[in-house]
Amino acid sequence: MSKVLIIGAGGVGTVVAHKVAQHPEVFSEVMIASRTQSKCDAIVKAIGNPHIKTAKVDADNVDELVALFNSFKPEIVINVALPYQDLTIMEACLQTGVNYLDTANYEPKDEAHFEYSWQWAYKKRFEEAGLTAILGCGFDPGVSGVYTAYAAKHHFDEIQYLDIVDCNAGNHHKAFATNFNPEINIREITQNGRYYENGKWITTKPLEFHKDLTYPNIGPRDSYLLYHEELESLVKNFPTIKRARFWMTFGQEYLTHLRVIQDIGMASIEPINYNGMQIVPLQFLKAVLPNPQDLGENYEGETSIGCRIRGIKDGKEHTYYVYNNCSHQAAYKETGMQGVSYTTGVPAMIGAMMFLKGLWKRPGVWNVEEFDPDPFMDALNKYGLPWHEVFDGDLEL
């Protein structure tokens with residue numbers, strides 16, 4: 001039994017807290033910390049567990065983090081704060097001897113740029129400290145990497161083509177809303193696309209390429225090629241991959257709103273002067289858009305996320321599709337949050353559980369696909385994200 005500290009009290013943090021609280025046999029003491037104490041207290045009240053501790057902390061401030069870590073003495077920190085804060089939290093972990101797990105790679109505040117190099121640079125320091133850092137343990141990144149590792153271990157001698165497909169077929173009945181932090185979501189979608197082919201990265205214009213893909217229990221949905229961070233680690237860790245791409249669905253109404261937001265400058269991350277104050281348009285937009293935490297109650301439909309893989313087994317070409325479908329309504333009934341928060345929060349809890357059980361414990365900085373996928377895949381079935389397989393079907397890609 002071990003202490004765990006959850007940093008971040010948004011939708012994903014709420015799901016992690018719910019799931020961690022269900023397993024006191026693994027997580028003996030739990031603390032939730034964020035910049036807003038009232039959000040932490042609200043989660044504890046919703047869970048109905050008065051034994052969960054709360055704390056206020058500025059995750060941009062290493063000294064504050066160090067003081068909190070030294071006071072609570074967690075064995076692992078689950079970082080579900082903003083990606084901007086990954087490095088300060090990792091630094092505090094090194095200074096206090098605490099292990100680390102996150103769900104999204106670091107990106108600088110002043111540039112919409114995703115790259116693991118900043119976090120991979122900590123590898124030697126974590127090794128020397130005897131600490132484990134687990135990167136990208138949400139769904140995508142996260143489960144998408146575990147799916148790939150599982151396929152490589154059990155179904156292929158050589159993975160050659162990988163397509164990660166992410167469909168949200170839900171309806172939250174809002175004119176426009178994002179399913180996770182609006183600032184991060186819009187930055188991700190509006191940057192250039194990128195995919196890997198024959199040893200090179202190929203850049204595309206934002207949402208330039210799209211095609212209909214058929215999702216289980218949902219049907220065909222227009223799917224757009226984006227860059228997503230797990231592609232970087234997966235082609236590194238599975239060098240037989242000839243091509244790796246990431247696809248996500250968007251409805252036309254969503255894209256129309258997004259285009260208007262861009263056209264009027266509200267997607268900009270460059271500060272402007274407004275009445276003598278410096279404000280970032282995208283941060284202002286975030287303040288007026290619906291809070292992703294509040295979408296769950298009326299959210300209908302489901303998500304479908306998986307990996308479509310083509311490769312060689314015993315000298316013959318095969319295809320493999322492994323996926324999960326998650327109901328927004330079921331997620332809300334269990335945790336009070338919608339399916340996108342659920343599919344990110346559950347794997348974060350499982351990753352921490354894998355570490356505390358000694359199954360994913362190795363000094364250094366690691367992406368999830370570098371660990372044994374089998375116990376994680378078993379846990380997905382047990383804790384709310386069951387997976388399904390299609391062998392030698394039409395991948396449509």
# chains A, B, ... in the order shown; residues from 1 in each chain; ligands from 1

$ select_by_dssp --residues "region 289-370 of chain A" --states "alpha helix (DSSP H)" --output "PyMOL selection string"
chain A and resi 328-335+339-356

$ closest_atom_pairs --of "region 39-63 of chain A" --to "region 78-86 of chain A" --cutoff "12 Å" --atoms "only C-alpha atoms" --output "CSV"
residue,atom,partner,partner_atom,distance
A:Val57,CA,A:Ala81,CA,11.1
A:Asp58,CA,A:Gln85,CA,9.5
A:Ala59,CA,A:Gln85,CA,6.1
A:Asp60,CA,A:Gln85,CA,5.8
A:Asn61,CA,A:Gln85,CA,9.0
A:Val62,CA,A:Gln85,CA,9.7

$ residues_around --residues "region 362-365 of chain A" --least-positions-apart "6" --cutoff "6 Å" --atoms "only C-alpha atoms" --output "list in words"
Lys123, Phe126, Glu127, Gly130, Leu131, Thr132 and Ala133 of chain A

$ write_last_selection --atoms "N, CA and C atoms" --output "short mmCIF file (atom, residue, chain, number, x, y, z; two decimals), in the first residue's frame"
data_model
loop_
_atom_site.label_atom_id
_atom_site.label_comp_id
_atom_site.auth_asym_id
_atom_site.auth_seq_id
_atom_site.Cartn_x
_atom_site.Cartn_y
_atom_site.Cartn_z
N LYS A 123 16.25 11.49 -18.65
CA LYS A 123 16.44 10.05 -18.47
C LYS A 123 17.60 9.71 -17.53
N PHE A 126 16.91 10.62 -13.81
CA PHE A 126 16.00 9.68 -13.14
C PHE A 126 16.68 8.34 -12.89
N GLU A 127 17.51 7.89 -13.83
CA GLU A 127 18.25 6.65 -13.62
C GLU A 127 19.16 6.76 -12.41
N GLY A 130 17.45 6.59 -9.20
CA GLY A 130 16.71 5.35 -8.94
C GLY A 130 15.21 5.54 -9.00
N LEU A 131 14.76 6.52 -9.79
CA LEU A 131 13.34 6.85 -9.90
C LEU A 131 12.79 6.50 -11.28
N THR A 132 11.50 6.18 -11.32
CA THR A 132 10.81 5.86 -12.56
C THR A 132 9.95 7.03 -13.00
N ALA A 133 10.04 7.39 -14.28
CA ALA A 133 9.13 8.37 -14.89
C ALA A 133 8.42 7.68 -16.06
#

$ closest_residue --among "A:Pro292, A:Pro271, A:Gly311, A:Gly142" --to "Glu158 (chain A)" --atoms "only C-alpha atoms"
A:Gly311

$ closest_residue --among "A:Met349, A:Ala9, A:Leu101, A:Leu87" --to "Lys361 (chain A)" --atoms "only C-alpha atoms"
A:Leu101

$ closest_atom_pairs --of "region 143-202 of chain A" --to "region 317-326 of chain A" --cutoff "12 Å" --atoms "only C-alpha atoms" --output "JSON lines"
{"residue": "A:Val143", "atom": "CA", "partner": "A:Tyr323", "partner_atom": "CA", "distance": 9.5}
{"residue": "A:Ser144", "atom": "CA", "partner": "A:Tyr323", "partner_atom": "CA", "distance": 8.8}
{"residue": "A:Gly145", "atom": "CA", "partner": "A:Val322", "partner_atom": "CA", "distance": 11.5}
{"residue": "A:Val146", "atom": "CA", "partner": "A:Val322", "partner_atom": "CA", "distance": 10.6}
{"residue": "A:Tyr147", "atom": "CA", "partner": "A:Val322", "partner_atom": "CA", "distance": 6.9}
{"residue": "A:Thr148", "atom": "CA", "partner": "A:Val322", "partner_atom": "CA", "distance": 8.9}
{"residue": "A:Ala149", "atom": "CA", "partner": "A:Val322", "partner_atom": "CA", "distance": 11.5}
{"residue": "A:Tyr150", "atom": "CA", "partner": "A:Val322", "partner_atom": "CA", "distance": 9.7}
{"residue": "A:Ala151", "atom": "CA", "partner": "A:Tyr320", "partner_atom": "CA", "distance": 7.8}
{"residue": "A:Ala152", "atom": "CA", "partner": "A:Tyr320", "partner_atom": "CA", "distance": 10.6}
{"residue": "A:His154", "atom": "CA", "partner": "A:Tyr320", "partner_atom": "CA", "distance": 11.0}
{"residue": "A:His155", "atom": "CA", "partner": "A:Tyr320", "partner_atom": "CA", "distance": 8.1}
{"residue": "A:Phe156", "atom": "CA", "partner": "A:His318", "partner_atom": "CA", "distance": 8.1}
{"residue": "A:Asp157", "atom": "CA", "partner": "A:Glu317", "partner_atom": "CA", "distance": 10.1}
{"residue": "A:Glu158", "atom": "CA", "partner": "A:Glu317", "partner_atom": "CA", "distance": 9.5}
{"residue": "A:Ile159", "atom": "CA", "partner": "A:His318", "partner_atom": "CA", "distance": 9.6}
{"residue": "A:Gln160", "atom": "CA", "partner": "A:Glu317", "partner_atom": "CA", "distance": 9.7}
{"residue": "A:Tyr161", "atom": "CA", "partner": "A:Thr319", "partner_atom": "CA", "distance": 9.3}
{"residue": "A:Leu162", "atom": "CA", "partner": "A:Tyr320", "partner_atom": "CA", "distance": 9.8}
{"residue": "A:Asp163", "atom": "CA", "partner": "A:Tyr321", "partner_atom": "CA", "distance": 9.5}
{"residue": "A:Ile164", "atom": "CA", "partner": "A:Tyr323", "partner_atom": "CA", "distance": 9.6}
{"residue": "A:Val165", "atom": "CA", "partner": "A:Tyr323", "partner_atom": "CA", "distance": 8.9}
{"residue": "A:Asp166", "atom": "CA", "partner": "A:Tyr323", "partner_atom": "CA", "distance": 9.5}
{"residue": "A:Cys167", "atom": "CA", "partner": "A:Asn325", "partner_atom": "CA", "distance": 9.2}
{"residue": "A:Asn168", "atom": "CA", "partner": "A:Cys326", "partner_atom": "CA", "distance": 9.4}
{"residue": "A:Ala169", "atom": "CA", "partner": "A:Asn325", "partner_atom": "CA", "distance": 10.1}
{"residue": "A:Gly170", "atom": "CA", "partner": "A:Cys326", "partner_atom": "CA", "distance": 10.0}

$ select_by_dssp --residues "region 70-296 of chain A" --states "strand (DSSP E)" --output "ChimeraX atom specification"
/A:76-79,99-102,132-135,158-168,193-197,200-204,210-215,219-226,243-249,272-274,277-279

$ residues_around --residues "Ile264 (chain A)" --least-positions-apart "4" --cutoff "12 Å" --atoms "only C-alpha atoms" --output "list in words"
His257, Leu258, Arg259, Val260, Ser268, Pro281, Leu282 and Leu285 of chain A

$ closest_atom_pairs --of "region 297-333 of chain A" --to "region 12-21 of chain A" --cutoff "12 Å" --atoms "only C-alpha atoms" --output "JSON lines"
{"residue": "A:Ala331", "atom": "CA", "partner": "A:Val15", "partner_atom": "CA", "distance": 9.0}
{"residue": "A:Tyr332", "atom": "CA", "partner": "A:Val15", "partner_atom": "CA", "distance": 9.7}
{"residue": "A:Lys333", "atom": "CA", "partner": "A:Val15", "partner_atom": "CA", "distance": 11.6}

$ write_last_selection --atoms "N, CA, C and O atoms" --output "PDB file, in the first residue's frame"
ATOM      1  N   ALA A 331     -19.771   6.587 -18.391  1.00  0.00           N
ATOM      2  CA  ALA A 331     -18.675   7.274 -17.706  1.00  0.00           C
ATOM      3  C   ALA A 331     -19.214   8.297 -16.712  1.00  0.00           C
ATOM      4  O   ALA A 331     -18.723   8.414 -15.578  1.00  0.00           O
ATOM      5  N   TYR A 332     -20.235   9.035 -17.140  1.00  0.00           N
ATOM      6  CA  TYR A 332     -20.830  10.044 -16.257  1.00  0.00           C
ATOM      7  C   TYR A 332     -21.510   9.400 -15.056  1.00  0.00           C
ATOM      8  O   TYR A 332     -21.392   9.882 -13.924  1.00  0.00           O
ATOM      9  N   LYS A 333     -22.187   8.300 -15.284  1.00  0.00           N
ATOM     10  CA  LYS A 333     -22.880   7.618 -14.188  1.00  0.00           C
ATOM     11  C   LYS A 333     -21.894   7.170 -13.112  1.00  0.00           C
ATOM     12  O   LYS A 333     -22.188   7.234 -11.912  1.00  0.00           O
TER      13      LYS A 333
END

$ residues_around --residues "Lys286 (chain A)" --least-positions-apart "3" --cutoff "10 Å" --atoms "only C-alpha atoms" --output "PyMOL selection string"
chain A and resi 177-178+181-184+186+266-267+281-283+289-291

$ write_last_selection --atoms "N, CA, C and O atoms" --output "PDB file, in the first residue's frame"
ATOM      1  N   ALA A 177     -17.861  23.218 -28.058  1.00  0.00           N
ATOM      2  CA  ALA A 177     -17.150  22.916 -26.813  1.00  0.00           C
ATOM      3  C   ALA A 177     -16.042  21.936 -27.125  1.00  0.00           C
ATOM      4  O   ALA A 177     -16.133  21.160 -28.086  1.00  0.00           O
ATOM      5  N   THR A 178     -14.987  21.976 -26.327  1.00  0.00           N
ATOM      6  CA  THR A 178     -13.908  21.005 -26.466  1.00  0.00           C
ATOM      7  C   THR A 178     -14.025  19.982 -25.346  1.00  0.00           C
ATOM      8  O   THR A 178     -14.538  20.274 -24.270  1.00  0.00           O
ATOM      9  N   ASN A 181      -9.142  20.413 -21.993  1.00  0.00           N
ATOM     10  CA  ASN A 181      -8.728  21.809 -21.880  1.00  0.00           C
ATOM     11  C   ASN A 181      -8.776  22.522 -23.237  1.00  0.00           C
ATOM     12  O   ASN A 181      -8.059  22.139 -24.164  1.00  0.00           O
ATOM     13  N   PRO A 182      -9.629  23.540 -23.404  1.00  0.00           N
ATOM     14  CA  PRO A 182      -9.789  24.181 -24.715  1.00  0.00           C
ATOM     15  C   PRO A 182      -8.485  24.736 -25.279  1.00  0.00           C
ATOM     16  O   PRO A 182      -8.255  24.676 -26.499  1.00  0.00           O
ATOM     17  N   GLU A 183      -7.662  25.285 -24.419  1.00  0.00           N
ATOM     18  CA  GLU A 183      -6.398  25.870 -24.880  1.00  0.00           C
ATOM     19  C   GLU A 183      -5.514  24.811 -25.524  1.00  0.00           C
ATOM     20  O   GLU A 183      -4.970  25.001 -26.620  1.00  0.00           O
ATOM     21  N   ILE A 184      -5.372  23.666 -24.867  1.00  0.00           N
ATOM     22  CA  ILE A 184      -4.544  22.581 -25.389  1.00  0.00           C
ATOM     23  C   ILE A 184      -5.198  21.968 -26.622  1.00  0.00           C
ATOM     24  O   ILE A 184      -4.542  21.719 -27.644  1.00  0.00           O
ATOM     25  N   ILE A 186      -7.367  23.208 -28.876  1.00  0.00           N
ATOM     26  CA  ILE A 186      -7.358  24.041 -30.084  1.00  0.00           C
ATOM     27  C   ILE A 186      -5.934  24.207 -30.611  1.00  0.00           C
ATOM     28  O   ILE A 186      -5.708  24.202 -31.832  1.00  0.00           O
ATOM     29  N   MET A 266      -8.971  34.465 -32.499  1.00  0.00           N
ATOM     30  CA  MET A 266      -9.152  33.997 -31.131  1.00  0.00           C
ATOM     31  C   MET A 266      -8.370  32.726 -30.818  1.00  0.00           C
ATOM     32  O   MET A 266      -8.294  32.307 -29.656  1.00  0.00           O
ATOM     33  N   ALA A 267      -7.769  32.102 -31.834  1.00  0.00           N
ATOM     34  CA  ALA A 267      -6.928  30.919 -31.587  1.00  0.00           C
ATOM     35  C   ALA A 267      -5.465  31.303 -31.377  1.00  0.00           C
ATOM     36  O   ALA A 267      -4.623  30.438 -31.147  1.00  0.00           O
ATOM     37  N   PRO A 281      -5.367  35.734 -26.565  1.00  0.00           N
ATOM     38  CA  PRO A 281      -6.725  35.477 -27.069  1.00  0.00           C
ATOM     39  C   PRO A 281      -7.234  34.067 -26.791  1.00  0.00           C
ATOM     40  O   PRO A 281      -8.390  33.888 -26.393  1.00  0.00           O
ATOM     41  N   LEU A 282      -6.386  33.053 -26.998  1.00  0.00           N
ATOM     42  CA  LEU A 282      -6.841  31.680 -26.790  1.00  0.00           C
ATOM     43  C   LEU A 282      -7.177  31.425 -25.322  1.00  0.00           C
ATOM     44  O   LEU A 282      -8.128  30.695 -25.004  1.00  0.00           O
ATOM     45  N   GLN A 283      -6.427  32.035 -24.402  1.00  0.00           N
ATOM     46  CA  GLN A 283      -6.728  31.868 -22.980  1.00  0.00           C
ATOM     47  C   GLN A 283      -8.039  32.557 -22.617  1.00  0.00           C
ATOM     48  O   GLN A 283      -8.802  32.063 -21.779  1.00  0.00           O
ATOM     49  N   LEU A 289     -15.636  29.545 -23.070  1.00  0.00           N
ATOM     50  CA  LEU A 289     -16.190  28.298 -23.597  1.00  0.00           C
ATOM     51  C   LEU A 289     -16.697  27.413 -22.454  1.00  0.00           C
ATOM     52  O   LEU A 289     -16.289  27.570 -21.304  1.00  0.00           O
ATOM     53  N   PRO A 290     -17.590  26.466 -22.752  1.00  0.00           N
ATOM     54  CA  PRO A 290     -18.045  25.543 -21.716  1.00  0.00           C
ATOM     55  C   PRO A 290     -16.875  24.780 -21.100  1.00  0.00           C
ATOM     56  O   PRO A 290     -15.931  24.394 -21.805  1.00  0.00           O
ATOM     57  N   ASN A 291     -16.939  24.569 -19.802  1.00  0.00           N
ATOM     58  CA  ASN A 291     -15.918  23.801 -19.102  1.00  0.00           C
ATOM     59  C   ASN A 291     -16.096  22.322 -19.448  1.00  0.00           C
ATOM     60  O   ASN A 291     -17.191  21.780 -19.280  1.00  0.00           O
TER      61      ASN A 291
END

$ closest_residue --among "A:Pro220, A:Leu295, A:Thr190, A:Gly48" --to "Asn171 (chain A)" --atoms "only C-alpha atoms"
A:Leu295

$ closest_residue --among "A:Ala348, A:Leu356, A:Cys307, A:Met377" --to "Leu397 (chain A)" --atoms "only C-alpha atoms"
A:Cys307

$ atom_distance --atom1 "CA of Glu300 (chain A)" --atom2 "CA of Met248 (chain A)"
18.5 Å

$ residues_around --residues "Pro375 (chain A)" --least-positions-apart "3" --cutoff "9 Å" --atoms "only C-alpha atoms" --output "ChimeraX atom specification"
/A:354,359,372,378-380

$ residues_around --residues "Leu225 (chain A)" --least-positions-apart "6" --cutoff "7 Å" --atoms "only C-alpha atoms" --output "list in words"
Gly193, Leu207, Phe209, His210, Phe246, Trp247 and Met248 of chain A

$ atom_distance --atom1 "CA of Val288 (chain A)" --atom2 "CA of Arg35 (chain A)"
19.3 Å

$ decode --residues "region 356-385 of chain A" --atoms "N, CA, C and O atoms" --output "mmCIF file, in the first residue's frame"
data_model
loop_
_atom_site.group_PDB
_atom_site.id
_atom_site.type_symbol
_atom_site.label_atom_id
_atom_site.label_comp_id
_atom_site.auth_asym_id
_atom_site.auth_seq_id
_atom_site.Cartn_x
_atom_site.Cartn_y
_atom_site.Cartn_z
ATOM 1 N N LEU A 356 3.196 0.679 -8.726
ATOM 2 C CA LEU A 356 3.173 0.345 -7.303
ATOM 3 C C LEU A 356 3.200 -1.160 -7.064
ATOM 4 O O LEU A 356 3.672 -1.621 -6.019
ATOM 5 N N LYS A 357 2.726 -1.936 -8.034
ATOM 6 C CA LYS A 357 2.803 -3.394 -7.931
ATOM 7 C C LYS A 357 4.158 -3.934 -8.377
ATOM 8 O O LYS A 357 4.395 -5.144 -8.330
ATOM 9 N N GLY A 358 5.045 -3.033 -8.821
ATOM 10 C CA GLY A 358 6.368 -3.451 -9.251
ATOM 11 C C GLY A 358 6.441 -3.987 -10.659
ATOM 12 O O GLY A 358 7.484 -4.476 -11.105
ATOM 13 N N LEU A 359 5.334 -3.887 -11.425
ATOM 14 C CA LEU A 359 5.282 -4.430 -12.778
ATOM 15 C C LEU A 359 5.870 -3.465 -13.808
ATOM 16 O O LEU A 359 6.401 -3.886 -14.835
ATOM 17 N N TRP A 360 5.729 -2.178 -13.537
ATOM 18 C CA TRP A 360 6.290 -1.142 -14.410
ATOM 19 C C TRP A 360 7.208 -0.259 -13.562
ATOM 20 O O TRP A 360 6.928 0.913 -13.360
ATOM 21 N N LYS A 361 8.252 -0.814 -13.080
ATOM 22 C CA LYS A 361 9.152 -0.079 -12.180
ATOM 23 C C LYS A 361 10.580 -0.249 -12.679
ATOM 24 O O LYS A 361 11.146 -1.336 -12.610
ATOM 25 N N ARG A 362 11.138 0.834 -13.217
ATOM 26 C CA ARG A 362 12.466 0.767 -13.811
ATOM 27 C C ARG A 362 13.059 2.179 -13.809
ATOM 28 O O ARG A 362 12.460 3.102 -14.362
ATOM 29 N N PRO A 363 14.212 2.369 -13.179
ATOM 30 C CA PRO A 363 14.787 3.720 -13.137
ATOM 31 C C PRO A 363 15.008 4.293 -14.535
ATOM 32 O O PRO A 363 15.477 3.609 -15.440
ATOM 33 N N GLY A 364 14.629 5.543 -14.695
ATOM 34 C CA GLY A 364 14.779 6.216 -15.979
ATOM 35 C C GLY A 364 13.481 6.856 -16.420
ATOM 36 O O GLY A 364 12.522 6.951 -15.655
ATOM 37 N N VAL A 365 13.447 7.310 -17.662
ATOM 38 C CA VAL A 365 12.271 7.941 -18.263
ATOM 39 C C VAL A 365 11.805 7.051 -19.404
ATOM 40 O O VAL A 365 12.583 6.772 -20.331
ATOM 41 N N TRP A 366 10.551 6.616 -19.351
ATOM 42 C CA TRP A 366 10.070 5.606 -20.282
ATOM 43 C C TRP A 366 8.703 5.975 -20.849
ATOM 44 O O TRP A 366 7.863 6.531 -20.148
ATOM 45 N N ASN A 367 8.491 5.617 -22.110
ATOM 46 C CA ASN A 367 7.146 5.656 -22.681
ATOM 47 C C ASN A 367 6.464 4.321 -22.411
ATOM 48 O O ASN A 367 7.129 3.296 -22.222
ATOM 49 N N VAL A 368 5.147 4.325 -22.385
ATOM 50 C CA VAL A 368 4.409 3.151 -21.906
ATOM 51 C C VAL A 368 4.692 1.890 -22.720
ATOM 52 O O VAL A 368 4.676 0.781 -22.169
ATOM 53 N N GLU A 369 4.952 2.047 -24.020
ATOM 54 C CA GLU A 369 5.166 0.867 -24.859
ATOM 55 C C GLU A 369 6.469 0.141 -24.543
ATOM 56 O O GLU A 369 6.721 -0.964 -25.049
ATOM 57 N N GLU A 370 7.319 0.735 -23.689
ATOM 58 C CA GLU A 370 8.588 0.104 -23.321
ATOM 59 C C GLU A 370 8.445 -0.854 -22.138
ATOM 60 O O GLU A 370 9.417 -1.491 -21.732
ATOM 61 N N PHE A 371 7.239 -0.963 -21.579
ATOM 62 C CA PHE A 371 6.966 -1.906 -20.495
ATOM 63 C C PHE A 371 6.169 -3.096 -21.027
ATOM 64 O O PHE A 371 5.649 -3.067 -22.148
ATOM 65 N N ASP A 372 6.048 -4.138 -20.196
ATOM 66 C CA ASP A 372 5.254 -5.309 -20.557
ATOM 67 C C ASP A 372 3.789 -4.896 -20.685
ATOM 68 O O ASP A 372 3.182 -4.418 -19.714
ATOM 69 N N PRO A 373 3.182 -5.099 -21.865
ATOM 70 C CA PRO A 373 1.791 -4.642 -22.042
ATOM 71 C C PRO A 373 0.755 -5.557 -21.396
ATOM 72 O O PRO A 373 -0.372 -5.125 -21.137
ATOM 73 N N ASP A 374 1.102 -6.806 -21.113
ATOM 74 C CA ASP A 374 0.090 -7.790 -20.717
ATOM 75 C C ASP A 374 -0.670 -7.434 -19.439
ATOM 76 O O ASP A 374 -1.909 -7.484 -19.423
ATOM 77 N N PRO A 375 0.009 -7.092 -18.340
ATOM 78 C CA PRO A 375 -0.774 -6.769 -17.134
ATOM 79 C C PRO A 375 -1.619 -5.517 -17.293
ATOM 80 O O PRO A 375 -2.711 -5.426 -16.710
ATOM 81 N N PHE A 376 -1.158 -4.566 -18.080
ATOM 82 C CA PHE A 376 -1.933 -3.353 -18.338
ATOM 83 C C PHE A 376 -3.182 -3.690 -19.148
ATOM 84 O O PHE A 376 -4.282 -3.200 -18.847
ATOM 85 N N MET A 377 -3.022 -4.543 -20.170
ATOM 86 C CA MET A 377 -4.172 -4.939 -20.986
ATOM 87 C C MET A 377 -5.201 -5.684 -20.142
ATOM 88 O O MET A 377 -6.420 -5.470 -20.290
ATOM 89 N N ASP A 378 -4.749 -6.539 -19.237
ATOM 90 C CA ASP A 378 -5.675 -7.230 -18.334
ATOM 91 C C ASP A 378 -6.430 -6.225 -17.468
ATOM 92 O O ASP A 378 -7.643 -6.355 -17.249
ATOM 93 N N ALA A 379 -5.706 -5.217 -16.982
ATOM 94 C CA ALA A 379 -6.318 -4.216 -16.103
ATOM 95 C C ALA A 379 -7.349 -3.369 -16.845
ATOM 96 O O ALA A 379 -8.371 -2.974 -16.263
ATOM 97 N N LEU A 380 -7.130 -3.094 -18.115
ATOM 98 C CA LEU A 380 -8.106 -2.326 -18.897
ATOM 99 C C LEU A 380 -9.462 -3.029 -18.885
ATOM 100 O O LEU A 380 -10.514 -2.382 -18.747
ATOM 101 N N ASN A 381 -9.451 -4.333 -19.023
ATOM 102 C CA ASN A 381 -10.703 -5.089 -19.003
ATOM 103 C C ASN A 381 -11.376 -5.052 -17.636
ATOM 104 O O ASN A 381 -12.599 -5.064 -17.534
ATOM 105 N N LYS A 382 -10.588 -4.994 -16.589
ATOM 106 C CA LYS A 382 -11.128 -5.026 -15.228
ATOM 107 C C LYS A 382 -11.673 -3.678 -14.769
ATOM 108 O O LYS A 382 -12.626 -3.617 -13.991
ATOM 109 N N TYR A 383 -11.058 -2.601 -15.233
ATOM 110 C CA TYR A 383 -11.326 -1.298 -14.622
ATOM 111 C C TYR A 383 -12.063 -0.311 -15.523
ATOM 112 O O TYR A 383 -12.014 0.889 -15.295
ATOM 113 N N GLY A 384 -12.757 -0.825 -16.557
ATOM 114 C CA GLY A 384 -13.692 0.040 -17.261
ATOM 115 C C GLY A 384 -13.433 0.339 -18.716
ATOM 116 O O GLY A 384 -14.248 1.002 -19.355
ATOM 117 N N LEU A 385 -12.323 -0.164 -19.280
ATOM 118 C CA LEU A 385 -12.029 0.105 -20.694
ATOM 119 C C LEU A 385 -11.752 -1.210 -21.433
ATOM 120 O O LEU A 385 -10.636 -1.451 -21.914
#
